[in-house]
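*Asks:* Okay, handing you the structure first.
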Amino acid sequence: IYKKADHIALGSPSFKDYFHHVLHIDHMPFTLVVQPPLIASTNEEPVVYPAGTTNIVYCGNLGTLQNLDQMIGLARLLKKEQHIHLHIIGMGTRMDELKKVIHSEKLEEVITYHGPMSAEKSAAYYLHADALFVALKGNDWVGDTIPNKLIMYLAFARPIIAALHGDGADVVRAASGGILIDEKPQSLLKAIQQIQPLSQEEKKRLGQANRRYFDEHFSIEKTVQKLESILVTLVK
């Protein structure tokens with residue numbers, strides 16, 4: 001299919017290397033067209049978190065690639081910390097494991113698993129979160145791509161903590177509203193501790209930088225413009 005195409009739209013820059021080195025396709029034009037997130041409008045009231053608590057939200061798949069071990073490791077570290085709470089929303093292959101660890105190790109005071117949730121309801125957790133966390137494990141063709149969850153987070157104008165490599169890390173750097181970390185629980189804790197002393201205005205500034213980058217690069221309007229440009233070129 002790829003070899004018969006007239007043009008290939010890439011969801012992440014590193015896919016071009018994959019096409020060249022793995023699929024051995026380098027004779028046709030490529031254009032970066034990142035899949036825009038499906039951002040649901042919500043009538044839900046924003047979640048109001050307890051005063052004096054730093055609240056970190058992860059929403060998404062709970063599988064191997066999302067490095068759930070880092071979040072569980074953070075929760076264990078938080079037993080010695082005060083005023084930090086991790087909120088996890090979603091489902092996946094490691095969902096039951098997460099629930100078992102929270103219960104068996106009595107981590108309920110530092111981590112809440114909210115289960116799967118509609119996009120409308122989960123959006124209410126983003127709006128007042130102190131930071132949103134995203135992770136993609138590994139340093140390979142998949143691990144180097146841009147997670148769609150990162151693009152969605154940018155749109156919600158909150159600070160981001162990202163355990164990402166490659167293209168995803170490049171986006172976080174360019175947006176200038178987040179903290180990049182490695183895959184260790186201690187690194188996630190350190191990043192949260194960097195967020196803790198920030199004023200609401202400082203967190204708002206970081207979030208606005210993320211939203212501005214989203215509007216400039218990943219909005220549905222920008223995506224449609226790119227696709228339209230490709231199609232116009234092909235029919236000429």
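Residue numbering restarts at 1 for every chain of the structure tokens, chains are lettered A, B, ... in their displayed order, and ligands are numbered from 1 as they appear.
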Can you list, as a compact mmCIF listing (two decimals) with N, CA and C atoms, in the first residue's frame, every protein, DNA or RNA residue that comes within 7 Å of Ala9 of chain A when you count only C-alpha atoms, leaving out same-chain residues fewer than 4 positions away?

*Replies:*
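Below is the file that was written, around_35.txt:
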# COMPACT_ATOMS: atom_id res chain seq x y z
N PHE A 30 7.01 13.08 1.81
CA PHE A 30 6.42 12.88 3.13
C PHE A 30 6.05 14.24 3.70
N THR A 31 4.94 14.29 4.42
CA THR A 31 4.54 15.51 5.12
C THR A 31 4.11 15.15 6.54
N LEU A 32 4.55 15.95 7.50
CA LEU A 32 4.15 15.71 8.89
C LEU A 32 2.73 16.23 9.10
N VAL A 33 1.83 15.32 9.45
CA VAL A 33 0.45 15.69 9.78
C VAL A 33 0.09 14.94 11.06

*Asks:* Would you kindly return, as a ChimeraX atom specification, each protein, DNA or RNA residue with an atom no farther than 8 Å from any atom of Ala175 of chain A, considering only C-alpha atoms and excluding same-chain residues fewer than 5 positions away?

*Replies:* /A:209-210,212-213

*Asks:* Output N, CA and C atoms of each residue in that selection to a file, as a CSV table (one decimal), in the first residue's frame.

*Replies:*
chain,number,residue,atom,x,y,z
A,209,ALA,N,1.6,28.7,27.5
A,209,ALA,CA,2.7,28.4,26.5
A,209,ALA,C,2.3,27.1,25.7
A,210,ASN,N,1.9,26.1,26.5
A,210,ASN,CA,1.5,24.8,25.9
A,210,ASN,C,0.3,25.0,24.9
A,212,ARG,N,-0.6,27.7,23.4
A,212,ARG,CA,-0.2,28.5,22.2
A,212,ARG,C,0.5,27.6,21.2
A,213,TYR,N,1.3,26.7,21.7
A,213,TYR,CA,2.0,25.8,20.8
A,213,TYR,C,1.0,24.9,20.1

*Asks:* Considering only C-alpha atoms, return as a list in words whatever protein or nucleic-acid residues lie within 8 Å of segment 200-205 of chain A, sequence-local ones (same chain, fewer than 3 positions apart) excluded.

*Replies:*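 Within the cut-off, the hits are Asp130, Ala157, Arg158, Pro159, Gly177, Ile195, Gln208 and Ala209 of chain A.
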
*Asks:* For each of A:Ser199, A:Ser118, A:Gln66, A:Ser219, take the minimum atom-to-atom distance to Phe133 of chain A, counting only C-alpha atoms, then give the residue where this is smallest.

*Replies:*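 When distances to Phe133 of chain A are compared using only C-alpha atoms, the smallest one comes from A:Gln66.
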
*Asks:* What is the distance between atom CA of Gln35 of chain A and atom CA of Leu234 of chain A, in Å to one decimal?

*Replies:* 20.4 Å

*Asks:* Which residue is closest to Ile230 of chain A? Choose from A:His7, A:Arg211, A:Arg76, A:His83 and count only C-alpha atoms.

*Replies:*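 Looking at the shortest contact to Ile230 of chain A, the residue is A:His7.
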
*Asks:* How close does segment 37-64 of chain A get to segment 108-111 of chain A? List, as a Markdown table, each residue of segment 37-64 of chain A within 12 Å, its nearest atom pair and the distance in Å to one decimal, counting only C-alpha atoms.

*Replies:*
| residue | atom | partner | partner_atom | distance |
| --- | --- | --- | --- | --- |
| A:Thr53 | CA | A:Val110 | CA | 10.3 |
| A:Thr54 | CA | A:Val110 | CA | 10.5 |
| A:Asn55 | CA | A:Val110 | CA | 9.7 |
| A:Ile56 | CA | A:Ile111 | CA | 9.5 |
| A:Val57 | CA | A:Ile111 | CA | 10.0 |
| A:Tyr58 | CA | A:Ile111 | CA | 10.8 |

*Asks:* What is the atom CA of Asp144 of chain A to atom CA of Asp170 of chain A distance in Å?

*Replies:*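 For atom CA of Asp144 of chain A relative to atom CA of Asp170 of chain A, the distance reads 9.8 Å.
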
*Asks:* Let me make sure I understand: among A:Ile220, A:Val134, A:Ala155, A:Met71, which one has the smallest atom-to-atom distance to Leu180 of chain A if we use only C-alpha atoms?

*Replies:*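 Residue with the minimum atom-to-atom distance to Leu180 of chain A: A:Val134.
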
*Asks:* Give me the residues within 9 Å of Asp140 of chain A as a list of chain:residue names, counting only C-alpha atoms and dropping any in the same chain fewer than 3 places off.

*Replies:*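 Contacts, in chain order: A:Lys137, A:Gly143, A:Asp144, A:Thr145, A:His165, A:Gly166.
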
*Asks:* Using atom CA of Ala131 of chain A and atom CA of Ile192 of chain A as the two end points, give the distance in Å to one decimal.

*Replies:*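 Pair atom CA of Ala131 of chain A / atom CA of Ile192 of chain A returns 8.0 Å.
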
*Asks:* In terms of the shortest atom-to-atom distance over only C-alpha atoms, which of A:Asn67, A:Leu107, A:Asp6, A:Ile161 is closest to Glu183 of chain A?

*Replies:* A:Asn67

*Asks:* Could you pull out the residues in segment 94-168 of chain A that DSSP calls helix (DSSP H, G or I) from the backbone, as a PDB file with C-alpha atoms, in the first residue's frame?

*Replies:*
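Everything below was put into states02.pdb:
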ATOM      1  CA  MET A  95      -5.440  -2.001  35.329  1.00  0.00           C
ATOM      2  CA  ASP A  96      -6.088  -4.891  37.731  1.00  0.00           C
ATOM      3  CA  GLU A  97      -2.439  -4.894  38.797  1.00  0.00           C
ATOM      4  CA  LEU A  98      -2.674  -1.197  39.632  1.00  0.00           C
ATOM      5  CA  LYS A  99      -5.778  -1.690  41.772  1.00  0.00           C
ATOM      6  CA  LYS A 100      -4.168  -4.625  43.582  1.00  0.00           C
ATOM      7  CA  VAL A 101      -1.001  -2.661  44.412  1.00  0.00           C
ATOM      8  CA  ILE A 102      -2.951   0.344  45.691  1.00  0.00           C
ATOM      9  CA  HIS A 103      -5.024  -1.878  47.987  1.00  0.00           C
ATOM     10  CA  SER A 104      -2.296  -4.274  49.191  1.00  0.00           C
ATOM     11  CA  ALA A 119     -13.658  12.243  27.633  1.00  0.00           C
ATOM     12  CA  GLU A 120     -16.195  14.764  28.918  1.00  0.00           C
ATOM     13  CA  LYS A 121     -15.773  13.670  32.532  1.00  0.00           C
ATOM     14  CA  SER A 122     -11.982  13.267  32.435  1.00  0.00           C
ATOM     15  CA  ALA A 123     -11.610  16.797  31.051  1.00  0.00           C
ATOM     16  CA  ALA A 124     -12.951  18.108  34.350  1.00  0.00           C
ATOM     17  CA  TYR A 125      -9.890  16.646  36.108  1.00  0.00           C
ATOM     18  CA  TYR A 126      -7.437  18.429  33.799  1.00  0.00           C
ATOM     19  CA  ASN A 148      -1.620  11.699  20.995  1.00  0.00           C
ATOM     20  CA  LYS A 149      -2.158  12.162  24.725  1.00  0.00           C
ATOM     21  CA  LEU A 150       0.612  14.790  24.756  1.00  0.00           C
ATOM     22  CA  ILE A 151      -1.156  16.780  22.027  1.00  0.00           C
ATOM     23  CA  MET A 152      -4.375  16.663  24.022  1.00  0.00           C
ATOM     24  CA  TYR A 153      -2.624  17.817  27.173  1.00  0.00           C
ATOM     25  CA  LEU A 154      -1.210  20.838  25.323  1.00  0.00           C
ATOM     26  CA  ALA A 155      -4.737  21.885  24.420  1.00  0.00           C
ATOM     27  CA  GLY A 166      12.514  11.511  20.566  1.00  0.00           C
ATOM     28  CA  ASP A 167       9.715  13.427  18.863  1.00  0.00           C
ATOM     29  CA  GLY A 168       7.564  13.685  21.982  1.00  0.00           C
TER      30      GLY A 168
END

*Asks:* Do a neighbour search on segment 186-188 of chain A at 8 Å with only C-alpha atoms, toss out local chain neighbours closer than 4 positions, and write the hits as a PyMOL selection string.

*Replies:* chain A and resi 70+74+77+161+181-182+192
